[in-house]
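Below is entry36.cif, which holds mmCIF, C-alpha atoms and all ligand atoms.
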```
data_model
loop_
_atom_site.label_atom_id
_atom_site.label_comp_id
_atom_site.auth_asym_id
_atom_site.auth_seq_id
_atom_site.Cartn_x
_atom_site.Cartn_y
_atom_site.Cartn_z
CA MET A 1 -160.43 19.02 28.91
CA PHE A 2 -157.35 17.02 27.97
CA SER A 3 -157.29 15.52 24.46
CA LEU A 4 -154.79 12.72 24.03
CA ILE A 5 -153.86 11.85 20.47
CA LEU A 6 -152.49 8.39 19.75
CA PRO A 7 -151.13 8.02 16.22
CA THR A 8 -151.16 4.37 15.22
CA TYR A 9 -149.96 2.06 12.52
CA ASN A 10 -150.39 -1.64 13.27
CA GLU A 11 -150.87 -1.23 17.02
CA ARG A 12 -153.96 -3.37 17.54
CA GLU A 13 -152.35 -5.59 20.13
CA ASN A 14 -150.85 -2.68 22.03
CA LEU A 15 -154.11 -0.72 22.10
CA SER A 16 -156.13 -3.66 23.35
CA VAL A 17 -154.01 -3.53 26.49
CA TYR A 18 -153.28 0.17 26.62
CA LEU A 19 -156.68 1.83 26.05
CA PRO A 20 -158.31 0.25 29.14
CA LYS A 21 -155.17 0.97 31.15
CA LEU A 22 -155.11 4.64 30.13
CA GLU A 23 -158.80 5.15 30.80
CA GLU A 24 -158.52 3.62 34.23
CA PHE A 25 -155.57 5.87 35.01
CA PHE A 26 -157.28 9.09 33.87
CA LYS A 27 -160.42 8.25 35.84
CA LYS A 28 -158.40 7.58 38.95
CA GLN A 29 -156.57 10.88 38.50
CA LYS A 30 -159.89 12.69 37.89
CA ILE A 31 -158.65 14.03 34.57
CA ASP A 32 -161.36 15.17 32.17
CA TYR A 33 -160.16 13.47 28.98
CA GLU A 34 -160.82 12.25 25.49
CA ILE A 35 -158.60 9.85 23.55
CA ILE A 36 -158.33 10.22 19.77
CA VAL A 37 -156.68 7.37 17.90
CA VAL A 38 -155.54 8.39 14.42
CA ASP A 39 -154.96 5.27 12.36
CA ASP A 40 -153.70 5.15 8.79
CA ASP A 41 -155.83 2.23 7.68
CA SER A 42 -153.49 -0.28 9.33
CA PRO A 43 -153.40 -3.76 7.79
CA ASP A 44 -153.91 -5.24 11.27
CA LYS A 45 -157.20 -3.28 11.47
CA THR A 46 -156.29 -1.18 14.49
CA TRP A 47 -159.09 1.19 13.44
CA GLU A 48 -161.65 -1.62 13.56
CA PHE A 49 -160.65 -2.56 17.05
CA VAL A 50 -160.97 1.05 18.27
CA GLN A 51 -164.31 1.53 16.50
CA LYS A 52 -165.73 -1.44 18.40
CA TYR A 53 -164.12 -0.35 21.63
CA SER A 54 -165.53 3.15 21.33
CA HIS A 55 -169.12 1.84 21.24
CA SER A 56 -168.91 1.19 24.94
CA HIS A 57 -166.28 3.82 25.79
CA SER A 58 -167.58 7.25 24.86
CA ASN A 59 -164.34 9.11 25.68
CA VAL A 60 -162.50 7.26 22.93
CA LYS A 61 -162.82 7.84 19.21
CA VAL A 62 -160.92 6.87 16.09
CA ILE A 63 -160.04 8.71 12.93
CA ARG A 64 -159.30 6.31 10.11
CA ARG A 65 -157.32 7.88 7.27
CA VAL A 66 -157.29 5.99 4.01
CA LYS A 67 -155.34 8.28 1.71
CA GLU A 68 -152.86 10.10 3.92
CA LYS A 69 -149.96 8.48 5.75
CA GLY A 70 -147.37 9.63 8.25
CA LEU A 71 -146.97 10.17 11.96
CA SER A 72 -146.79 13.98 11.94
CA SER A 73 -149.78 14.53 9.70
CA ALA A 74 -151.75 12.01 11.77
CA VAL A 75 -151.02 14.08 14.88
CA ILE A 76 -152.25 17.23 13.13
CA ALA A 77 -155.43 15.48 11.99
CA GLY A 78 -156.04 14.39 15.59
CA MET A 79 -155.46 17.89 16.97
CA ALA A 80 -157.74 19.42 14.37
CA SER A 81 -160.65 17.36 15.63
CA ALA A 82 -159.78 17.53 19.34
CA ARG A 83 -162.11 19.33 21.76
CA GLY A 84 -159.73 19.89 24.66
CA ASP A 85 -157.79 22.95 25.81
CA PHE A 86 -154.69 20.81 26.21
CA LEU A 87 -153.57 18.63 23.32
CA GLY A 88 -151.29 15.71 24.11
CA VAL A 89 -149.44 13.23 21.91
CA MET A 90 -148.05 9.86 22.91
CA ASP A 91 -146.90 6.61 21.27
CA ALA A 92 -149.63 3.99 21.28
CA ASP A 93 -147.15 1.21 22.04
CA MET A 94 -146.69 1.86 25.80
CA GLN A 95 -143.10 3.07 25.39
CA HIS A 96 -144.02 6.40 26.94
CA ASP A 97 -144.98 6.69 30.58
CA GLU A 98 -148.50 8.00 31.15
CA SER A 99 -147.89 8.40 34.89
CA ILE A 100 -146.17 11.77 34.31
CA ILE A 101 -149.21 13.22 32.51
CA PRO A 102 -150.72 14.79 35.69
CA GLU A 103 -147.42 16.55 36.35
CA MET A 104 -147.21 17.67 32.73
CA LEU A 105 -150.73 19.10 32.89
CA SER A 106 -149.98 21.03 36.06
CA GLU A 107 -146.86 22.51 34.40
CA LEU A 108 -149.12 23.81 31.63
CA LYS A 109 -150.72 26.27 34.06
CA ASP A 110 -148.01 28.79 33.21
CA LYS A 111 -146.36 27.16 30.19
CA GLU A 112 -147.41 26.56 26.61
CA ILE A 113 -145.51 23.38 25.75
CA VAL A 114 -144.53 20.52 28.08
CA ILE A 115 -142.24 17.80 26.77
CA GLY A 116 -141.79 14.32 28.15
CA SER A 117 -138.02 14.00 27.95
CA ARG A 118 -135.66 11.05 28.17
CA ARG A 119 -132.80 13.36 29.02
CA VAL A 120 -133.87 15.42 31.99
CA GLY A 121 -134.38 14.69 35.70
CA GLU A 122 -135.62 11.12 36.19
CA GLY A 123 -135.65 10.56 32.46
CA SER A 124 -133.69 7.84 30.67
CA TYR A 125 -133.54 5.82 27.49
CA GLY A 126 -134.19 2.68 29.49
CA GLU A 127 -133.27 -0.45 27.59
CA MET A 128 -133.02 1.24 24.23
CA LYS A 129 -130.36 -0.35 22.01
CA TRP A 130 -127.07 1.50 21.75
CA HIS A 131 -127.29 2.12 18.02
CA ARG A 132 -130.74 3.67 18.41
CA ARG A 133 -129.33 5.82 21.23
CA ILE A 134 -126.53 7.10 19.07
CA LEU A 135 -129.02 7.98 16.33
CA SER A 136 -131.20 9.75 18.85
CA TYR A 137 -128.25 11.73 20.28
CA GLY A 138 -127.12 12.61 16.74
CA ALA A 139 -130.58 13.75 15.72
CA THR A 140 -130.90 15.90 18.85
CA LEU A 141 -127.47 17.43 18.39
CA LEU A 142 -128.17 18.28 14.77
CA ALA A 143 -131.44 19.95 15.74
CA LYS A 144 -129.66 22.00 18.41
CA ILE A 145 -126.95 23.13 16.02
CA LEU A 146 -129.42 24.20 13.36
CA LEU A 147 -132.28 25.60 15.42
CA PRO A 148 -132.48 27.83 18.49
CA ILE A 149 -134.39 25.35 20.64
CA ALA A 150 -134.10 24.76 24.35
CA SER A 151 -135.42 21.19 24.54
CA THR A 152 -133.22 18.29 25.66
CA ASP A 153 -135.35 15.86 23.63
CA PRO A 154 -136.79 17.71 20.62
CA MET A 155 -137.51 14.40 18.84
CA SER A 156 -139.79 13.23 21.62
CA GLY A 157 -143.12 11.86 20.50
CA PHE A 158 -144.53 12.58 23.98
CA PHE A 159 -145.70 16.13 24.69
CA ILE A 160 -148.65 18.35 25.52
CA ILE A 161 -149.35 21.79 24.10
CA ARG A 162 -151.96 24.40 24.79
CA ARG A 163 -154.63 24.53 22.12
CA GLN A 164 -153.58 28.07 21.21
CA VAL A 165 -150.09 26.84 20.17
CA PHE A 166 -151.76 24.59 17.63
CA GLU A 167 -154.16 27.26 16.42
CA GLU A 168 -151.42 29.81 15.90
CA SER A 169 -149.07 27.58 13.94
CA LYS A 170 -151.34 25.09 12.20
CA ASP A 171 -151.02 26.74 8.79
CA ALA A 172 -147.24 26.90 8.93
CA LEU A 173 -146.61 23.27 9.94
CA ASN A 174 -144.74 21.00 7.57
CA PRO A 175 -145.90 17.58 8.70
CA LEU A 176 -143.20 15.32 7.29
CA GLY A 177 -141.95 12.25 9.10
CA PHE A 178 -141.61 12.00 12.86
CA LYS A 179 -140.58 15.47 14.01
CA ILE A 180 -143.89 17.09 14.79
CA LEU A 181 -142.71 18.44 18.17
CA LEU A 182 -139.80 20.15 16.44
CA GLU A 183 -142.31 21.85 14.15
CA PHE A 184 -144.24 23.25 17.11
CA LEU A 185 -141.03 24.43 18.77
CA ALA A 186 -139.64 26.04 15.63
CA LYS A 187 -142.89 27.69 14.56
CA ASN A 188 -143.68 29.04 18.06
CA PRO A 189 -140.29 30.40 19.15
CA LYS A 190 -141.82 32.63 21.84
CA SER A 191 -143.77 29.98 23.71
CA LYS A 192 -142.72 28.93 27.20
CA VAL A 193 -141.41 25.38 27.26
CA THR A 194 -140.66 23.00 30.09
CA GLU A 195 -139.78 19.32 30.40
CA VAL A 196 -140.63 16.38 32.62
CA GLY A 197 -138.38 13.32 32.66
CA TYR A 198 -139.60 9.78 32.01
CA ARG A 199 -138.05 6.40 31.38
CA PHE A 200 -138.48 5.11 27.82
CA LYS A 201 -139.87 1.59 27.89
CA LYS A 202 -139.32 -1.39 25.65
CA ARG A 203 -141.80 -2.18 22.91
CA GLU A 204 -143.85 -5.26 23.84
CA PHE A 205 -145.76 -5.93 20.62
CA GLY A 206 -145.17 -5.04 17.00
CA GLU A 207 -142.19 -3.18 15.65
CA THR A 208 -140.85 0.36 15.25
CA LYS A 209 -141.76 2.42 12.20
CA LEU A 210 -138.70 4.60 12.51
CA THR A 211 -136.84 3.55 9.37
CA GLY A 212 -133.97 4.88 7.29
CA ALA A 213 -136.42 6.78 5.13
CA VAL A 214 -137.75 8.54 8.23
CA MET A 215 -134.16 9.53 9.17
CA GLN A 216 -133.51 10.98 5.74
CA GLN A 217 -136.78 12.90 5.89
CA TYR A 218 -135.72 14.20 9.27
CA ILE A 219 -132.40 15.61 8.08
CA PHE A 220 -134.01 17.37 5.15
CA ALA A 221 -136.83 18.63 7.30
CA LEU A 222 -134.28 20.20 9.66
CA ILE A 223 -132.52 21.93 6.79
CA ASP A 224 -135.89 23.13 5.55
CA LEU A 225 -136.82 24.49 8.99
CA ARG A 226 -133.54 26.36 9.16
CA PHE A 227 -133.02 27.53 5.59
CA GLY A 228 -136.47 27.05 4.02
CA LYS A 229 -136.93 30.80 3.85
CA PHE A 230 -133.91 31.14 1.57
CA ILE A 231 -133.69 28.03 -0.58
CA SER A 232 -136.09 25.27 -1.40
CA LEU A 233 -135.43 21.71 -0.38
CA GLN A 234 -135.90 20.56 -3.91
CA PHE A 235 -133.17 22.89 -5.10
CA LEU A 236 -130.86 21.54 -2.43
CA LYS A 237 -131.47 17.99 -3.64
CA TYR A 238 -130.88 19.15 -7.19
CA ALA A 239 -127.59 20.76 -6.22
CA LEU A 240 -126.47 17.66 -4.28
CA THR A 241 -127.28 15.54 -7.31
CA GLY A 242 -125.19 17.92 -9.40
CA ILE A 243 -122.25 17.51 -7.03
CA SER A 244 -122.52 13.73 -7.28
CA GLY A 245 -122.54 14.23 -11.06
CA ILE A 246 -119.11 15.84 -10.95
CA PHE A 247 -117.65 12.61 -9.55
CA VAL A 248 -119.50 10.48 -12.07
CA ASN A 249 -118.30 12.80 -14.84
CA LEU A 250 -114.63 12.53 -13.84
CA SER A 251 -114.81 8.77 -13.23
CA GLY A 252 -116.43 8.28 -16.62
CA GLN A 253 -113.68 10.28 -18.28
CA TRP A 254 -111.03 8.25 -16.49
CA LEU A 255 -112.63 4.90 -17.38
CA ALA A 256 -113.09 5.81 -21.04
CA ALA A 257 -109.55 7.17 -21.36
CA ASN A 258 -108.05 4.00 -19.87
CA TYR A 259 -110.19 1.75 -21.97
CA LEU A 260 -109.41 3.56 -25.23
CA ASN A 261 -105.70 3.84 -24.49
CA SER A 262 -105.51 0.06 -24.08
CA PHE A 263 -106.02 -0.23 -27.85
CA GLN A 264 -102.83 1.71 -28.58
CA PHE A 265 -104.27 3.38 -31.70
CA ASN A 266 -101.83 5.08 -33.98
CA TRP A 267 -103.92 7.05 -36.43
CA VAL A 268 -103.54 10.79 -37.03
CA GLY A 269 -105.47 13.00 -34.64
CA LYS A 270 -105.84 10.33 -31.96
CA ASP A 271 -104.07 12.60 -29.47
CA ILE A 272 -106.96 14.99 -29.48
CA LEU A 273 -109.91 12.77 -30.48
CA VAL A 274 -109.36 10.03 -27.91
CA PRO A 275 -109.22 12.38 -24.89
CA SER A 276 -112.12 14.38 -26.31
CA PHE A 277 -114.20 11.26 -26.52
CA ALA A 278 -113.33 10.47 -22.92
CA VAL A 279 -114.54 13.93 -21.87
CA ALA A 280 -117.76 13.54 -23.82
CA PHE A 281 -118.32 10.09 -22.35
CA GLY A 282 -117.86 11.39 -18.80
CA PHE A 283 -120.27 14.23 -19.51
CA GLU A 284 -122.99 11.98 -20.89
CA LEU A 285 -122.59 9.46 -18.09
CA SER A 286 -123.08 12.22 -15.52
CA VAL A 287 -126.12 13.51 -17.43
CA LEU A 288 -127.57 10.02 -17.22
CA SER A 289 -126.84 9.56 -13.51
CA ASN A 290 -128.12 13.04 -12.69
CA TYR A 291 -131.27 12.32 -14.62
CA VAL A 292 -131.92 9.06 -12.79
CA ILE A 293 -131.27 10.55 -9.34
CA ASN A 294 -133.33 13.66 -10.04
CA ASN A 295 -136.14 11.56 -11.42
CA PHE A 296 -136.43 9.25 -8.43
CA TRP A 297 -135.30 11.59 -5.66
CA THR A 298 -135.36 15.35 -6.36
CA PHE A 299 -138.58 15.23 -8.35
CA SER A 300 -139.83 11.94 -6.91
CA ASP A 301 -143.37 13.28 -6.71
CA LYS A 302 -143.33 13.59 -10.50
CA ALA A 303 -141.09 10.59 -11.26
CA LYS A 304 -141.36 9.17 -14.76
CA LYS A 305 -141.78 5.45 -14.28
CA ARG A 306 -143.02 4.26 -17.66
CA ILE A 307 -140.33 3.64 -20.24
CA PRO A 308 -141.54 6.00 -23.04
CA SER A 309 -141.94 9.01 -20.74
CA PHE A 310 -138.69 8.14 -18.96
CA LEU A 311 -136.82 8.20 -22.29
CA PHE A 312 -138.53 11.36 -23.49
CA GLY A 313 -137.65 13.02 -20.18
CA PHE A 314 -134.04 11.95 -20.66
CA LEU A 315 -134.01 13.66 -24.05
CA LYS A 316 -135.32 16.88 -22.53
CA PHE A 317 -132.84 16.62 -19.69
CA ASN A 318 -130.02 16.30 -22.24
CA ILE A 319 -131.15 19.43 -24.05
CA VAL A 320 -131.39 21.39 -20.81
CA SER A 321 -127.94 20.08 -19.80
CA LEU A 322 -126.38 21.26 -23.05
CA LEU A 323 -128.09 24.61 -22.62
CA GLY A 324 -126.68 24.69 -19.11
CA PHE A 325 -123.23 24.07 -20.46
CA LEU A 326 -123.65 26.99 -22.87
CA ILE A 327 -124.79 29.22 -20.00
CA GLN A 328 -121.83 28.13 -17.90
CA TYR A 329 -119.43 28.70 -20.77
CA SER A 330 -120.84 32.13 -21.66
CA THR A 331 -120.78 33.27 -18.05
CA TRP A 332 -117.16 32.20 -17.76
CA LEU A 333 -116.24 33.87 -21.05
CA PHE A 334 -118.08 37.08 -20.20
CA LEU A 335 -116.51 37.45 -16.75
CA PHE A 336 -113.07 36.52 -17.94
CA GLN A 337 -113.12 38.81 -20.97
CA THR A 338 -114.65 41.75 -19.12
CA ILE A 339 -112.02 41.69 -16.43
CA HIS A 340 -109.32 41.15 -19.02
CA THR A 341 -110.48 44.21 -20.97
CA PHE A 342 -111.27 46.66 -18.19
CA TYR A 343 -108.86 45.64 -15.44
CA PRO A 344 -105.90 44.07 -17.24
CA GLU A 345 -103.74 44.55 -14.14
CA PHE A 346 -106.20 42.45 -12.05
CA MET A 347 -105.56 38.98 -13.47
CA PRO A 348 -104.75 36.50 -10.68
CA ASP A 349 -104.15 32.89 -11.77
CA THR A 350 -107.27 31.77 -9.96
CA LEU A 351 -109.51 34.16 -11.89
CA THR A 352 -110.43 31.65 -14.55
CA TYR A 353 -111.57 29.16 -11.88
CA VAL A 354 -113.56 31.74 -9.94
CA ALA A 355 -115.23 32.82 -13.18
CA ASN A 356 -116.03 29.20 -14.01
CA LEU A 357 -117.39 28.55 -10.52
CA ILE A 358 -119.75 31.50 -10.91
CA GLY A 359 -120.69 30.07 -14.30
CA ILE A 360 -121.46 26.70 -12.71
CA LEU A 361 -123.63 28.33 -10.05
CA VAL A 362 -125.58 30.38 -12.58
CA ALA A 363 -126.03 27.34 -14.81
CA THR A 364 -127.20 25.20 -11.87
CA ALA A 365 -129.83 27.75 -10.92
CA THR A 366 -131.12 28.24 -14.47
CA ASN A 367 -130.99 24.50 -15.23
CA TYR A 368 -132.96 23.82 -12.11
CA GLN A 369 -135.71 26.20 -13.19
CA LEU A 370 -135.70 24.79 -16.72
CA ASN A 371 -135.86 21.18 -15.59
CA ARG A 372 -138.58 22.01 -13.12
CA SER A 373 -140.74 23.61 -15.77
CA ILE A 374 -139.75 21.55 -18.83
CA THR A 375 -138.51 18.09 -17.88
CA TRP A 376 -140.69 17.53 -14.81
CA GLY A 377 -143.22 20.28 -15.52
N1 LIG B 401 -151.00 7.22 12.04
C1 LIG B 401 -149.71 6.88 11.94
N2 LIG B 401 -149.09 6.93 10.72
N3 LIG B 401 -149.03 6.52 13.04
C2 LIG B 401 -147.74 6.17 12.93
C3 LIG B 401 -147.04 6.20 11.69
C4 LIG B 401 -147.77 6.59 10.53
O1 LIG B 401 -147.27 6.65 9.42
N4 LIG B 401 -145.75 5.82 11.91
C5 LIG B 401 -145.67 5.57 13.24
N5 LIG B 401 -146.85 5.76 13.85
C6 LIG B 401 -147.18 5.60 15.27
C7 LIG B 401 -146.80 4.26 15.85
O2 LIG B 401 -147.83 3.31 15.67
C8 LIG B 401 -146.57 4.60 17.29
O3 LIG B 401 -147.77 4.64 18.03
C9 LIG B 401 -145.99 6.01 17.23
O4 LIG B 401 -146.42 6.56 15.99
C10 LIG B 401 -144.44 6.04 17.31
O5 LIG B 401 -143.89 5.16 16.35
P1 LIG B 401 -142.81 4.04 16.74
O6 LIG B 401 -142.58 3.20 15.55
O7 LIG B 401 -143.22 3.36 18.00
O8 LIG B 401 -141.54 4.94 16.99
P2 LIG B 401 -140.31 4.64 17.96
O9 LIG B 401 -140.80 4.17 19.30
O10 LIG B 401 -139.34 3.77 17.26
O11 LIG B 401 -139.68 6.10 18.08
C11 LIG B 401 -139.60 6.79 19.30
O12 LIG B 401 -138.56 7.75 19.19
C12 LIG B 401 -138.78 8.75 18.22
C13 LIG B 401 -137.57 9.62 18.09
O13 LIG B 401 -137.00 9.97 19.30
C14 LIG B 401 -140.94 7.45 19.59
O14 LIG B 401 -140.91 7.96 20.91
C15 LIG B 401 -141.23 8.57 18.63
O15 LIG B 401 -142.42 9.25 19.08
C16 LIG B 401 -140.06 9.53 18.60
O16 LIG B 401 -140.29 10.55 17.65
MN MN B 402 -142.59 3.53 19.94
#
```

Could you take the file, read its structure, and then write that structure out as structure tokens?
Amino acid sequence: MFSLILPTYNERENLSVYLPKLEEFFKKQKIDYEIIVVDDDSPDKTWEFVQKYSHSHSNVKVIRRVKEKGLSSAVIAGMASARGDFLGVMDADMQHDESIIPEMLSELKDKEIVIGSRRVGEGSYGEMKWHRRILSYGATLLAKILLPIASTDPMSGFFIIRRQVFEESKDALNPLGFKILLEFLAKNPKSKVTEVGYRFKKREFGETKLTGAVMQQYIFALIDLRFGKFISLQFLKYALTGISGIFVNLSGQWLAANYLNSFQFNWVGKDILVPSFAVAFGFELSVLSNYVINNFWTFSDKAKKRIPSFLFGFLKFNIVSLLGFLIQYSTWLFLFQTIHTFYPEFMPDTLTYVANLIGILVATATNYQLNRSITWG
């Protein structure tokens, strides 16, 4: 049996045309099929339409999810309840071409994964807008650079896998965003893959759900697929935030120094106090910006949104940051002094910077752990 999963979000209009069309096609082709619509409680009540439809069409059923959201996890939910030996996925908006399904199924006789591709044989992007094309090319290229995959269209939302591919990798899948096919390819590196070309069609009703947020998720998901064994995604976000903090820190110093110098003070000690204040200002500004970015991005699942807890978190973040500075400073001092004492002849000019860089790395790693357990614990 062939189980076709249609993930949907606001596709009522499309399904009212497409479900009858698909059923007619499968019957004509003598394909033993079931269609599983997985709807995330769409405001346009797609689920309601399919529930009614399924009363008189026993090969169609709907899963309505009320808590979970997301294309990839919807696909997994559909596969988990599918009865077929071959599990297919397709857009519900008629952009994919069902007429290649018989060919895809016959390819599965000696393959494990068959992909409907826009970049092989008869395949094409059709009337897709040029900026979407560039994004699609970019996404594909990035995937190919980072992962050892053979597909020409690894972002395709149109594919069929053997049930066993799903069973063997279901526990390892990370169902974020749109790249569910990429997950199957990456988690089943030994499976035999082939592709069938098709022409991508224009959307008739409704609009795309592929937004900027989905793109960002995609890039991080790729990094996670490639490097997830070594570093966590959250740490990467934390480190990127830290790098942005360096720029904020220096800009803050520069702004404060310029502002203070405009007063042309002439009291004793101004030559050291004024620049010191500028350094402190830059530091605190970067602590603030790091805190805000980490709160709403790195640790977004634990974001502090109410003012009292936000402020209390900021206090904790300040303490951890100061501690981090001490760790950085002690690491630098220790390395520098040790080498100075034991290998006095090995003292290149860059040593102090290398020692400080190591200090920064150590402090970033310890700060990350501290913030994870204390600030956002
Ligand atoms: N259940 C559920 N939950 N379904 C969703 C969600 C969601 O959060 N987001 C999107 N969908 C459904 C849509 O309703 C549609 O049936 C299908 O998933 C694809 O979404 P589209 O919004 O139509 O995506 P697209 O056509 O712009 O993107 C195309 O290119 C992508 C990248 O190459 C599609 O072919 C995608 O499948 C493909 O990944
Ligand atoms: Mn689509």

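Using all atoms listed in the file as the basis for the distance check, residues found within 7 Å of ligand MN 402 (chain B) are A:Asp91, A:Asp93, A:Gln95, A:Arg203, A:Thr208.
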
*Could you tell me, counting only C-alpha atoms and all ligand atoms, which protein and nucleic acid residues lie no more than 7 Å from ligand LIG 401 (chain B), written as an MDAnalysis selection string?*
chainID A and resid 6:11 38:40 69:71 74 90:93 95:96 136 155:158 178:179 207:210

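Considering the residues A:Val362, A:Ala77, A:Ile160, A:Ile319 and counting only C-alpha atoms, A:Glu284 has its shortest atom-to-atom contact with A:Ile319.
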
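What separates atom CA of A:Val354 from atom CA of A:Trp332 is a distance of 8.6 Å.
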
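Distances from A:Phe314, A:Trp47, A:Phe86, A:Phe159 to A:Lys61 were compared using all atoms listed in the file, and the smallest one belongs to A:Trp47.
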
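Compared by their closest atoms to A:Lys316, and using all atoms listed in the file, the residues A:Phe26, A:Tyr53, A:Phe184, A:Tyr291 rank with A:Tyr291 nearest.
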
*So which one's closest to A:Asp301, A:Ser58, A:Ser321, A:Gln234, A:Ser124? Using all atoms listed in the file, please.*
A:Gln234

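The closest residue to A:Phe247, picked from A:Pro154, A:Phe220, A:Phe235, A:Ser286 and counting all atoms listed in the file, is A:Ser286.
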
*Please, which residues are within 7 Å of (-158.8, 5.5, 18.4) by the file's coordinates, counting all atoms listed in the file, and could they come as a PyMOL selection string?*
chain A and resi 35-38+47+50+60-63

_Residues proximal to (-141.0, 6.6, -13.4) were defined as those with any atom within 12 Å of that point in the file's coordinates, counting all atoms listed in the file. Which are they, as a PyMOL selection string?_
chain A and resi 291-297+299-314+376

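With all atoms listed in the file as the atoms that count, the minimum distance from A:Val165 to the choices A:Lys201, A:Lys21, A:Lys144, A:Lys190 is reached by A:Lys190.
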
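You will find atom CA of A:Ser72 at 27.6 Å from atom CA of A:Arg372.
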
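The interatomic distance for the pair atom CA of A:Gly88 and atom CA of A:Lys45 works out to 23.6 Å.
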
Box time for stretch 278-283 of chain A: axis-aligned, enclosing all its listed atoms, 8 Å extra on each side; report centre and edge lengths in Å to one decimal, as AutoDock Vina command-line options.
```
--center_x -116.8 --center_y 12.2 --center_z -21.3 --size_x 22.9 --size_y 20.1 --size_z 21.0
```

*asked:* Taking 6 positions as the minimum chain separation for residues in the same chain, which residues sit within 12 Å of A:Leu260 when counting only C-alpha atoms? Answer as a VMD selection string.
replied: chain A and resid 253 to 254 266 270 to 271 273 to 278 281

*Find the spatial neighbours of A:Leu146, counting all atoms listed in the file, within a cut-off of 12 Å - ignore same-chain residues fewer than 3 positions away - and output them as a PyMOL selection string.*
chain A and resi 139-143+149-150+182+186+219-227
